[in-house]
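Listing of start_15.cif; format and content: mmCIF, C-alpha atoms.
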data_input
#
loop_
_atom_site.label_atom_id
_atom_site.label_comp_id
_atom_site.auth_asym_id
_atom_site.auth_seq_id
_atom_site.Cartn_x
_atom_site.Cartn_y
_atom_site.Cartn_z
CA GLU A 68 -8.30 22.41 -7.61
CA ASP A 69 -6.45 21.90 -4.34
CA GLN A 70 -3.09 23.66 -4.23
CA VAL A 71 -0.17 23.63 -1.83
CA THR A 72 2.68 26.12 -2.14
CA GLN A 73 5.81 25.98 -0.05
CA SER A 74 8.34 28.78 0.43
CA PRO A 75 11.18 29.31 0.24
CA GLU A 76 12.30 26.60 -2.19
CA ALA A 77 15.67 26.49 -0.45
CA LEU A 78 16.96 27.91 2.80
CA ARG A 79 20.49 28.03 4.17
CA LEU A 80 20.98 28.65 7.88
CA GLN A 81 23.90 28.76 10.21
CA GLU A 82 23.76 26.39 13.14
CA GLY A 83 21.70 28.04 15.87
CA GLU A 84 19.99 30.49 13.49
CA SER A 85 16.22 30.06 13.94
CA SER A 86 13.81 30.46 11.02
CA SER A 87 10.44 29.41 9.62
CA LEU A 88 9.21 27.51 6.58
CA ASN A 89 5.86 28.40 5.02
CA CYS A 90 3.14 26.24 3.51
CA SER A 91 0.15 28.04 2.05
CA TYR A 92 -2.84 26.08 0.82
CA THR A 93 -6.04 26.53 -1.14
CA VAL A 94 -8.49 23.69 -0.65
CA SER A 95 -12.23 23.12 -0.69
CA GLY A 96 -12.20 21.84 2.88
CA LEU A 97 -9.23 20.87 5.02
CA ARG A 98 -9.29 17.50 6.75
CA GLY A 99 -5.67 17.68 7.85
CA LEU A 100 -2.29 19.24 7.09
CA PHE A 101 0.81 17.12 7.37
CA TRP A 102 4.52 17.88 7.66
CA TYR A 103 7.13 15.36 6.62
CA ARG A 104 10.91 15.38 6.50
CA GLN A 105 12.69 13.68 3.60
CA ASP A 106 16.38 12.87 3.48
CA PRO A 107 18.04 12.25 0.09
CA GLY A 108 17.21 8.82 -1.33
CA LYS A 109 14.73 7.99 1.43
CA GLY A 110 11.00 8.03 1.98
CA PRO A 111 9.31 10.86 3.88
CA GLU A 112 9.38 10.69 7.66
CA PHE A 113 6.23 11.82 9.47
CA LEU A 114 6.58 14.88 11.69
CA PHE A 115 3.19 16.44 12.47
CA THR A 116 -0.51 16.42 11.69
CA LEU A 117 -2.58 19.58 12.23
CA TYR A 118 -6.35 19.57 11.94
CA SER A 119 -7.73 23.02 12.84
CA ALA A 120 -6.70 26.67 12.81
CA GLY A 121 -4.86 27.67 15.95
CA GLU A 122 -3.45 24.21 16.53
CA GLU A 123 0.25 23.91 17.38
CA LYS A 124 2.51 20.88 17.77
CA GLU A 125 6.12 20.60 18.88
CA LYS A 126 8.85 18.03 18.58
CA GLU A 127 12.38 18.81 19.73
CA ARG A 128 13.53 21.90 17.75
CA LEU A 129 10.46 21.90 15.49
CA LYS A 130 7.11 23.58 16.01
CA ALA A 131 4.24 23.51 13.52
CA THR A 132 1.35 25.97 13.51
CA LEU A 133 -1.80 26.24 11.42
CA THR A 134 -4.07 29.07 10.28
CA LYS A 135 -6.99 28.97 7.84
CA LYS A 136 -4.68 29.71 4.92
CA GLU A 137 -1.21 28.53 5.85
CA SER A 138 1.04 26.56 8.12
CA PHE A 139 4.47 27.38 9.46
CA LEU A 140 7.23 25.05 10.50
CA HIS A 141 9.42 26.90 12.99
CA ILE A 142 12.94 25.61 13.53
CA THR A 143 14.61 26.82 16.72
CA ALA A 144 18.41 26.73 17.03
CA PRO A 145 18.83 24.24 14.17
CA LYS A 146 21.66 21.75 13.97
CA PRO A 147 23.34 20.33 10.84
CA GLU A 148 21.37 17.09 11.28
CA ASP A 149 18.18 19.08 10.65
CA SER A 150 19.29 19.48 7.02
CA ALA A 151 16.66 17.82 4.80
CA THR A 152 13.75 18.59 2.51
CA TYR A 153 10.61 19.46 4.45
CA LEU A 154 7.36 18.55 2.73
CA CYS A 155 3.89 19.88 3.45
CA ALA A 156 0.78 17.99 2.35
CA VAL A 157 -2.97 18.45 2.69
CA GLN A 158 -5.85 16.01 2.94
CA VAL A 159 -9.29 17.33 2.00
CA THR A 160 -12.76 16.58 3.27
CA SER A 161 -14.20 16.27 -0.23
CA GLY A 162 -12.17 13.10 -0.63
CA GLY A 163 -14.75 11.13 1.34
CA SER A 164 -13.12 7.89 2.38
CA ASN A 165 -10.19 8.61 0.07
CA TYR A 166 -7.40 9.85 2.29
CA LYS A 167 -4.99 10.87 -0.44
CA LEU A 168 -2.47 13.65 0.12
CA THR A 169 -1.58 16.57 -2.12
CA PHE A 170 2.04 17.60 -1.61
CA GLY A 171 3.86 20.88 -2.01
CA LYS A 172 7.22 20.95 -3.77
CA GLY A 173 9.13 21.11 -0.51
CA THR A 174 11.73 23.35 1.10
CA LEU A 175 15.35 22.20 1.00
CA LEU A 176 16.91 23.21 4.31
CA THR A 177 20.69 23.27 4.74
CA VAL A 178 22.15 24.00 8.16
CA ASN A 179 25.85 24.82 8.14
CA PRO A 180 28.01 24.13 11.21
CA GLY B 297 5.61 1.98 15.69
CA ALA B 298 4.11 2.61 12.21
CA VAL B 299 6.92 1.07 10.18
CA VAL B 300 6.53 0.51 6.44
CA SER B 301 9.01 -1.53 4.44
CA GLN B 302 9.62 -1.82 0.71
CA HIS B 303 11.40 -4.49 -1.25
CA PRO B 304 13.59 -4.26 -3.18
CA SER B 305 15.29 -0.98 -2.34
CA TRP B 306 17.14 -0.95 -5.68
CA VAL B 307 16.37 -2.66 -8.96
CA ILE B 308 18.04 -2.49 -12.36
CA CYS B 309 16.31 -4.20 -15.24
CA LYS B 310 16.36 -4.40 -19.02
CA SER B 311 13.81 -2.62 -21.14
CA GLY B 312 10.73 -4.75 -21.73
CA THR B 313 10.88 -6.73 -18.50
CA SER B 314 8.44 -6.49 -15.60
CA VAL B 315 9.37 -5.48 -12.08
CA LYS B 316 7.43 -6.12 -8.88
CA ILE B 317 7.79 -3.90 -5.80
CA GLU B 318 6.39 -4.95 -2.41
CA CYS B 319 5.11 -2.63 0.29
CA ARG B 320 4.44 -3.97 3.78
CA SER B 321 3.20 -2.35 6.97
CA LEU B 322 5.17 -4.19 9.63
CA ASP B 323 3.50 -3.31 12.91
CA PHE B 324 0.05 -2.09 11.95
CA GLN B 325 -2.79 -2.76 9.57
CA ALA B 326 -3.78 -0.06 7.10
CA THR B 327 -7.11 0.47 5.42
CA THR B 328 -5.44 2.05 2.43
CA MET B 329 -2.07 1.98 0.70
CA PHE B 330 -0.80 4.57 -1.76
CA TRP B 331 1.83 4.49 -4.48
CA TYR B 332 3.86 7.56 -5.44
CA ARG B 333 6.69 8.27 -7.82
CA GLN B 334 9.28 10.96 -7.40
CA PHE B 335 11.64 12.34 -10.03
CA PRO B 336 14.93 14.04 -9.04
CA LYS B 337 14.43 17.33 -7.22
CA GLN B 338 10.67 17.06 -7.52
CA SER B 339 7.92 16.34 -5.03
CA LEU B 340 5.88 13.19 -4.67
CA MET B 341 3.25 12.51 -7.30
CA LEU B 342 0.43 10.16 -6.36
CA MET B 343 -0.01 7.32 -8.83
CA ALA B 344 -2.79 5.26 -7.29
CA THR B 345 -4.77 4.47 -4.17
CA SER B 346 -5.55 0.90 -3.21
CA ASN B 347 -7.79 -0.68 -0.61
CA GLU B 348 -7.54 -4.29 0.48
CA GLY B 349 -9.64 -6.52 -1.70
CA SER B 350 -10.65 -3.75 -4.10
CA LYS B 351 -9.45 -2.48 -7.44
CA ALA B 352 -6.96 0.37 -7.25
CA THR B 353 -7.98 3.91 -8.13
CA TYR B 354 -5.48 5.49 -10.52
CA GLU B 355 -4.71 9.18 -10.85
CA GLN B 356 -5.30 10.89 -14.14
CA GLY B 357 -2.55 10.13 -16.64
CA VAL B 358 -1.35 6.94 -14.94
CA GLU B 359 -1.72 3.84 -17.12
CA LYS B 360 -3.47 1.15 -15.12
CA ASP B 361 -2.35 -1.61 -17.50
CA LYS B 362 1.27 -0.59 -17.09
CA PHE B 363 1.29 -0.13 -13.32
CA LEU B 364 -0.54 -3.11 -11.86
CA ILE B 365 -1.46 -2.89 -8.19
CA ASN B 366 -2.50 -5.80 -6.04
CA HIS B 367 -3.60 -5.23 -2.45
CA ALA B 368 -3.71 -8.71 -0.98
CA SER B 369 -4.14 -7.89 2.71
CA LEU B 370 -4.20 -5.07 5.26
CA THR B 371 -0.40 -5.28 5.45
CA LEU B 372 0.72 -5.94 1.87
CA SER B 373 0.42 -4.15 -1.46
CA THR B 374 2.43 -4.76 -4.63
CA LEU B 375 3.16 -2.57 -7.63
CA THR B 376 4.20 -4.27 -10.86
CA VAL B 377 5.71 -2.16 -13.60
CA THR B 378 4.98 -4.11 -16.76
CA SER B 379 7.13 -3.92 -19.89
CA ALA B 380 9.34 -1.31 -18.26
CA HIS B 381 11.04 1.33 -20.38
CA PRO B 382 13.78 3.84 -19.55
CA GLU B 383 11.20 6.58 -18.97
CA ASP B 384 9.81 4.48 -16.10
CA SER B 385 13.08 4.92 -14.23
CA SER B 386 12.20 6.74 -11.03
CA PHE B 387 11.95 6.53 -7.25
CA TYR B 388 8.79 4.67 -6.23
CA ILE B 389 7.47 5.17 -2.71
CA CYS B 390 4.51 3.56 -0.97
CA SER B 391 2.60 4.73 2.05
CA ALA B 392 0.06 3.13 4.34
CA GLY B 393 -2.72 4.70 6.37
CA PRO B 394 -5.06 5.41 8.04
CA ILE B 395 -4.36 2.77 10.59
CA ALA B 396 -7.09 0.18 11.04
CA GLY B 397 -7.64 0.02 14.79
CA GLY B 398 -4.82 -0.20 17.32
CA LEU B 399 -3.34 2.51 19.51
CA LEU B 400 -2.22 4.86 16.76
CA GLN B 401 -5.02 7.14 15.62
CA GLY B 402 -5.66 9.64 12.91
CA GLU B 403 -5.40 9.69 9.20
CA THR B 404 -1.65 9.95 8.90
CA GLN B 405 0.10 8.11 6.09
CA TYR B 406 3.39 6.42 6.94
CA PHE B 407 5.89 6.04 4.14
CA GLY B 408 8.24 3.29 3.11
CA PRO B 409 11.92 3.89 2.35
CA GLY B 410 11.37 3.86 -1.41
CA THR B 411 12.51 1.72 -4.35
CA ARG B 412 14.82 3.12 -6.98
CA LEU B 413 14.13 1.65 -10.41
CA LEU B 414 16.59 1.96 -13.27
CA VAL B 415 15.52 0.60 -16.65
CA LEU B 416 18.33 0.15 -19.16
#
Representation of the structure as structure tokens:
Amino acid sequence: EDQVTQSPEALRLQEGESSSLNCSYTVSGLRGLFWYRQDPGKGPEFLFTLYSAGEEKEKERLKATLTKKESFLHITAPKPEDSATYLCAVQVTSGGSNYKLTFGKGTLLTVNP
Amino acid sequence: GAVVSQHPSWVICKSGTSVKIECRSLDFQATTMFWYRQFPKQSLMLMATSNEGSKATYEQGVEKDKFLINHASLTLSTLTVTSAHPEDSSFYICSAGPIAGGLLQGETQYFGPGTRLLVL
């Protein structure tokens, strides 16, 4: 069974204090790993897609990396507006033409001014 | 680009009534649309996968006769919660993707803003 585990469950940072969120996964074959941001009461907002080990992607203060077992979301010098729940999801090759995602439980990030 | 809308954003209904939620991809066509539900402080749970013109595929434990899905076109899918009960109260979110043609590539799913359902 495909599994996605995110840690920590919650993280509090001071503004400007860099840190990383972890997403470890156990799947039969990885098609893609996705990072989303979700604000309270809203749908997830797409951030990154990673397809192969060693791949990295950046967007403003966020950088996502991927290994064969886990992905990290690095947040550099965060601001209060970065506060949200960050979700990791995997898509597996055994799904054939079914592109469904399996989500982790998320990391609730709070950045204090 | 890749905007998905849902309507309504909020719905309150009486127990026993049916509620229809629409999901539209506004600026792209999607081969597949997905329906999720999310309970407070929990992650997204996939309910069903639907392809245009085909019957939806439901996840284990999801009642297909209770949650009716119609996928009329590459830009519109609807979820109808039939004979709703208080335990059906939840946050329902749709997503669309992969994108069928166009400039945007890959197998990314783009999510709608969600519909909060409260059954009294």
Tell me, counting only C-alpha atoms, for each residue of chain A within 6 Å of chain B, which pair of atoms is nearest and how far apart they are in Å to one decimal, in rows ordered by chain and increasing number, as JSON lines.
{"residue": "A:Lys109", "atom": "CA", "partner": "B:Pro409", "partner_atom": "CA", "distance": 5.1}
{"residue": "A:Gly110", "atom": "CA", "partner": "B:Pro409", "partner_atom": "CA", "distance": 4.3}
{"residue": "A:Pro111", "atom": "CA", "partner": "B:Phe407", "partner_atom": "CA", "distance": 5.9}
{"residue": "A:Lys172", "atom": "CA", "partner": "B:Ser339", "partner_atom": "CA", "distance": 4.8}
Test item: residues at most 6 Å from Thr72 of chain A, all atoms listed in the file, excluding those fewer than 4 positions along its chain, as a list of chain:residue names
A:Cys90, A:Ser91, A:Gly171
Residues around (0.8, 25.3, 16.6), cut-off 6 Å, counting only C-alpha atoms - what are they as a PyMOL selection string?
chain A and resi 122-124+131-133
For the file shown, report as a CSV table (one decimal) with C-alpha atoms, keeping the file's coordinate frame the outcome of the PyMOL selection byres ((chain A and resi 153) around 8) at residue level.
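Result file out34.csv:
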chain,number,residue,atom,x,y,z
A,102,TRP,CA,4.5,17.9,7.7
A,103,TYR,CA,7.1,15.4,6.6
A,104,ARG,CA,10.9,15.4,6.5
A,105,GLN,CA,12.7,13.7,3.6
A,151,ALA,CA,16.7,17.8,4.8
A,152,THR,CA,13.8,18.6,2.5
A,154,LEU,CA,7.4,18.6,2.7
A,155,CYS,CA,3.9,19.9,3.4
A,173,GLY,CA,9.1,21.1,-0.5
A,174,THR,CA,11.7,23.4,1.1
A,175,LEU,CA,15.4,22.2,1.0
A,176,LEU,CA,16.9,23.2,4.3
Determine, counting only C-alpha atoms, every residue of protein, DNA or RNA that lies within 6 Å of (-6.8, 15.0, 6.3) in the file coordinates, then give the result as a ChimeraX atom specification.
/A:98-99,158-159
Could those residues be written to a file, using C-alpha atoms, as a PDB file, in the frame of the given file?
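Done, and the output landed in again-v6.pdb:
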ATOM      1  CA  ARG A  98      -9.290  17.500   6.750  1.00  0.00           C
ATOM      2  CA  GLY A  99      -5.670  17.680   7.850  1.00  0.00           C
ATOM      3  CA  GLN A 158      -5.850  16.010   2.940  1.00  0.00           C
ATOM      4  CA  VAL A 159      -9.290  17.330   2.000  1.00  0.00           C
TER       5      VAL A 159
END
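Residues matched by the PyMOL selection byres ((chain B and resi 380-382) around 6) in this structure: Ser311, Gly312, Thr313, Ser314, Val377, Thr378, Ser379, Glu383, Asp384, Ser385, Val415 and Leu416 of chain B.
Atom pair atom CA of Asp69 of chain A / atom CA of Glu137 of chain A has a distance of 13.2 Å (rounded to one decimal).
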Please provide the set of residues having any atom within 12 Å of Lys126 of chain A, restricted to all atoms listed in the file, with same-chain residues fewer than 2 positions apart removed, written as an MDAnalysis selection string.
chainID A and resid 102 113:116 123:124 128:131 140:143
Could the residues in this selection be saved with C-alpha atoms as a tab-separated table (two decimals), in the frame of the given file?
chain	number	residue	atom	x	y	z
A	102	TRP	CA	4.52	17.88	7.66
A	113	PHE	CA	6.23	11.82	9.47
A	114	LEU	CA	6.58	14.88	11.69
A	115	PHE	CA	3.19	16.44	12.47
A	116	THR	CA	-0.51	16.42	11.69
A	123	GLU	CA	0.25	23.91	17.38
A	124	LYS	CA	2.51	20.88	17.77
A	128	ARG	CA	13.53	21.90	17.75
A	129	LEU	CA	10.46	21.90	15.49
A	130	LYS	CA	7.11	23.58	16.01
A	131	ALA	CA	4.24	23.51	13.52
A	140	LEU	CA	7.23	25.05	10.50
A	141	HIS	CA	9.42	26.90	12.99
A	142	ILE	CA	12.94	25.61	13.53
A	143	THR	CA	14.61	26.82	16.72
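What separates atom CA of Arg79 of chain A from atom CA of Ala120 of chain A is a distance of 28.6 Å.
Between atom CA of Gln81 of chain A and atom CA of Pro147 of chain A lies a distance of 8.5 Å.
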Expand the PyMOL selection byres ((chain B and resi 375) around 6) into the individual residues it matches in the shown file, reporting them as a PyMOL selection string.
chain B and resi 316-317+364-365+374+376
